[in-house]
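Down below is the structure, laid out as structure tokens.
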Protein chains: 2
Amino acid sequence: MAQNIYDTPEFFEGYSRLNRSVHGLAGAPEWPALKAMLPDMQDLKVVDLGCGFGWFCRWAHEAGASRVLGLDLSEKMLARARSETVGAAVTYEIADLDELVLPEAGFDLVFSSLAFHYVADAARLYATIHRALVPGGRLVFSTEHPVYMSPTRPGWQVADDGSKVWPVDRYLVEGPRVTDWLSPGVVKHHRTIATTLNLLIAAGLRIDQVREFCPSAEQIAAMPALADEVERPMFLMIAAGR
Amino acid sequence: MAQNIYDTPEFFEGYSRLNRSVHGLAGAPEWPALKAMLPDMQDLKVVDLGCGFGWFCRWAHEAGASRVLGLDLSEKMLARARSETVGAAVTYEIADLDELVLPEAGFDLVFSSLAFHYVADAARLYATIHRALVPGGRLVFSTEHPVYMSPTRPGWQVADDGSKVWPVDRYLVEGPRVTDWLSPGVVKHHRTIATTLNLLIAAGLRIDQVREFCPSAEQIAAMPALADEVERPMFLMIAAGR
């Protein structure tokens with residue numbers, strides 16, 4: 001079973017104050033890139049793995065999806081998602097991605113935003129997703145980039161001249177990484193980019209597109225702190241097809 | 001036209017003394033991983049882009065390839081390759097990968113070891129390779145990993161306790177990188193891993209396997225300096241299919 005850090009009061013309070021929690025998709029700087037990787041949503045059956053407050057589920061519904069299922073491990077997040085329900089076409093259920101079960105050929109699109117790095121057994125997850133997709137179906141997901149996740153000390157090193165470097169080590173050493181983010185002891189699972197791609201391919205999926213989040217000039221002008229994000233990749237985004 | 005650094009006396013002398021130049025494939029620690037990505041070589045028509053001294057061409061011939069063409073920009077390297085010729089089935093020609101022309105559907109396997117990072121226009125290169133492959137043909141290549149290549153100062157930062165980190169910056173800033181390796185002013189072209197994969201896919205190739213060089217325990221025991229290579233990825237290896 002995956003760690004349910006989101007339901008601890010400290011983490012939940014901190015997470016609820018993030019831009020992406022307050023402003024939804026508009027508060028997530030990688031959303032325009034991820035959105036551009038999505039198929040036409042009209043009449044699609046969609047599942048969102050790690051749906052959180054349900055922002056994507058509501059967007060998918062507005063974009064024309066016929067049926068949207070949001071799954072998350074956090075009771076608190078699902079409670080808030082359900083409180084903002086938009087109709088019977090969007091439903092939410094508790095699920096642990098480490099023990100995920102999905103109906104065979106039940107979905108046209110499997111979506112996930114920043115949840116897969118909490119999953120220990122990615123091979124099992126991708127096999128489950130492959131079975132859950134109809135032929136021609138798509139998987140589009142974001143995850144923390146392994147370059148972001150691998151270091152012993154995942155933080156900027158700032159030189160006297162103000163220049164910053166990201167101190168990569170242990171990149172080829174896969175396995176758990178424990179960090180203090182919003183609350184202490186958050187467990188993520190580091191996999192190299194090669195492992196992620198090879199596991200998707202081994203599950204029977206075709207790699208269609210890969211992106212590494214890079215803020216646009218407009219985004220940096222609007223939020224100067226985003227300039228750091230050109231120095232090292234923070235988010236990895238992959239579109240794959242069955 | 002690509003920079004021909006290999007034919008400058010200083011670079012050529014230095015390169016000729018590298019383990020991989022003296023001992024060939026056995027002196028290249030990533031070779032076992034790259035070899036495992038190759039198809040059965042029996043009766044294949046093979047081209048090696050950036051063949052250097054011809055070590056791979058001779059190996060391919062011994063492994064059963066029916067015809068092997070080695071291409072390189074360096075007259076000096078080709079001269080030595082030709083001096084160790086193994087028969088009419090293996091030939092060598094001068095070629096600039098930035099202006100590469102190959103016969104249509106002329107090859108079953110396009111191979112390249114650590115040459116593509118010298119190429120400015122990867123989209124053109126991959127399109128040329130796609131046209132040169134027969135249906136069912138394969139591209140297998142290694143290149144410097146973008147995490148290795150991107151930094152302003154591509155070298156280890158060593159802490160007082162002896163721990164090492166690789167100082168990543170400018171990862172999302174693609175373009176030339178000039179380093180001093182064997183001789184000053186060596187020009188390489190940094191592309192993110194996403195760009196490399198997307199350009200291969202856009203050229204019509206299917207991503208079959210991705211590897212990031214990681215030394216085995218046996219390799220580290222035999223050559224302790226290789227232990228550093230688990231800290232950050234040095235080589236990226238990709239197998240793609242038409």
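Simple scheme: letters A, B, ... for chains in structure tokens order, numbers from 1 for residues in each chain, numbers from 1 for ligands in the order shown.
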
If you take only C-alpha atoms and a cut-off of 10 Å, which residues of chain B touch chain A, and what are their nearest atom pairs and distances in Å to one decimal, in chain and number order, as a Markdown table?
```
| residue | atom | partner | partner_atom | distance |
| --- | --- | --- | --- | --- |
| B:Val147 | CA | A:Val147 | CA | 8.2 |
| B:Ser150 | CA | A:Glu231 | CA | 9.0 |
| B:Pro151 | CA | A:Val165 | CA | 8.4 |
| B:Thr152 | CA | A:Val165 | CA | 9.2 |
| B:Arg153 | CA | A:Val165 | CA | 9.6 |
| B:Trp156 | CA | A:Pro167 | CA | 9.6 |
| B:Gln157 | CA | A:Pro167 | CA | 8.4 |
| B:Ser163 | CA | A:Asp169 | CA | 9.1 |
| B:Lys164 | CA | A:Asp169 | CA | 7.1 |
| B:Val165 | CA | A:Pro167 | CA | 5.1 |
| B:Trp166 | CA | A:Val168 | CA | 5.0 |
| B:Pro167 | CA | A:Pro167 | CA | 4.8 |
| B:Val168 | CA | A:Trp166 | CA | 5.0 |
| B:Asp169 | CA | A:Glu231 | CA | 4.2 |
| B:Arg170 | CA | A:Glu231 | CA | 4.3 |
| B:Tyr171 | CA | A:Arg232 | CA | 5.1 |
| B:Leu172 | CA | A:Val230 | CA | 4.8 |
| B:Val173 | CA | A:Val230 | CA | 6.6 |
| B:Thr192 | CA | A:Glu212 | CA | 8.0 |
| B:Ile193 | CA | A:Val210 | CA | 8.3 |
| B:Ala194 | CA | A:Val210 | CA | 5.0 |
| B:Thr195 | CA | A:Arg211 | CA | 7.7 |
| B:Thr196 | CA | A:Val210 | CA | 9.3 |
| B:Leu197 | CA | A:Val210 | CA | 6.9 |
| B:Asn198 | CA | A:Gln209 | CA | 5.8 |
| B:Leu199 | CA | A:Gln209 | CA | 9.5 |
| B:Ile201 | CA | A:Asp208 | CA | 7.0 |
| B:Ala202 | CA | A:Asp208 | CA | 9.1 |
| B:Arg206 | CA | A:Ile207 | CA | 7.6 |
| B:Ile207 | CA | A:Ile207 | CA | 6.5 |
| B:Asp208 | CA | A:Ile201 | CA | 7.0 |
| B:Gln209 | CA | A:Asn198 | CA | 5.8 |
| B:Val210 | CA | A:Ala194 | CA | 5.0 |
| B:Arg211 | CA | A:Ala194 | CA | 5.2 |
| B:Glu212 | CA | A:Ala194 | CA | 6.3 |
| B:Phe213 | CA | A:Leu172 | CA | 8.4 |
| B:Cys214 | CA | A:Leu172 | CA | 6.4 |
| B:Pro215 | CA | A:Leu172 | CA | 9.2 |
| B:Asp228 | CA | A:Asp169 | CA | 9.1 |
| B:Glu229 | CA | A:Leu172 | CA | 8.0 |
| B:Val230 | CA | A:Leu172 | CA | 4.8 |
| B:Glu231 | CA | A:Asp169 | CA | 4.2 |
| B:Arg232 | CA | A:Tyr171 | CA | 5.1 |
| B:Pro233 | CA | A:Tyr171 | CA | 6.9 |
| B:Leu236 | CA | A:Ala194 | CA | 8.8 |
| B:Met237 | CA | A:Ala194 | CA | 9.1 |
| B:Ile238 | CA | A:Ala194 | CA | 9.2 |
```

If you count only C-alpha atoms, which residues fall within 10 Å of Glu84 (chain B), apart from same-chain ones fewer than 6 positions away, as a PyMOL selection string? chain B and resi 53-55+58+78

In Å to one decimal, how far is CA of Ala115 (chain A) from CA of Gly50 (chain A)?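 Interatomic distance, CA of Gly50 (chain A) to CA of Ala115 (chain A): 5.6 Å.
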
Using backbone DSSP assignments, extract all alpha helix (DSSP H) residues from region 23-134 of chain B; output them as an MDAnalysis selection string. chainID B and resid 31:35 55:62 75:83 122:132

Pull C-alpha atoms from the residues just selected and write them as a tab-separated table (two decimals), in the first residue's frame.
```
chain	number	residue	atom	x	y	z
B	31	TRP	CA	29.64	-1.59	-25.09
B	32	PRO	CA	28.03	-4.59	-23.32
B	33	ALA	CA	24.82	-2.56	-22.89
B	34	LEU	CA	24.89	-1.28	-26.46
B	35	LYS	CA	25.66	-4.76	-27.83
B	55	TRP	CA	36.33	-1.42	-34.29
B	56	PHE	CA	32.55	-1.85	-34.60
B	57	CYS	CA	32.73	-2.44	-38.36
B	58	ARG	CA	35.16	-5.30	-37.84
B	59	TRP	CA	33.03	-6.70	-35.01
B	60	ALA	CA	29.89	-6.53	-37.19
B	61	HIS	CA	31.72	-8.40	-39.95
B	62	GLU	CA	32.83	-11.10	-37.51
B	75	GLU	CA	40.79	11.13	-42.68
B	76	LYS	CA	43.27	10.01	-40.06
B	77	MET	CA	40.86	7.63	-38.39
B	78	LEU	CA	39.71	6.17	-41.72
B	79	ALA	CA	43.34	5.69	-42.78
B	80	ARG	CA	43.95	3.55	-39.73
B	81	ALA	CA	40.62	1.74	-40.17
B	82	ARG	CA	41.52	0.90	-43.78
B	83	SER	CA	44.97	-0.32	-42.71
B	122	ALA	CA	19.34	15.97	-35.63
B	123	ALA	CA	15.97	16.16	-37.45
B	124	ARG	CA	17.75	15.99	-40.82
B	125	LEU	CA	19.97	13.15	-39.62
B	126	TYR	CA	17.06	11.02	-38.34
B	127	ALA	CA	15.05	11.60	-41.53
B	128	THR	CA	18.07	10.49	-43.58
B	129	ILE	CA	18.42	7.39	-41.41
B	130	HIS	CA	14.71	6.56	-41.72
B	131	ARG	CA	14.94	6.69	-45.52
B	132	ALA	CA	18.11	4.57	-45.46
```
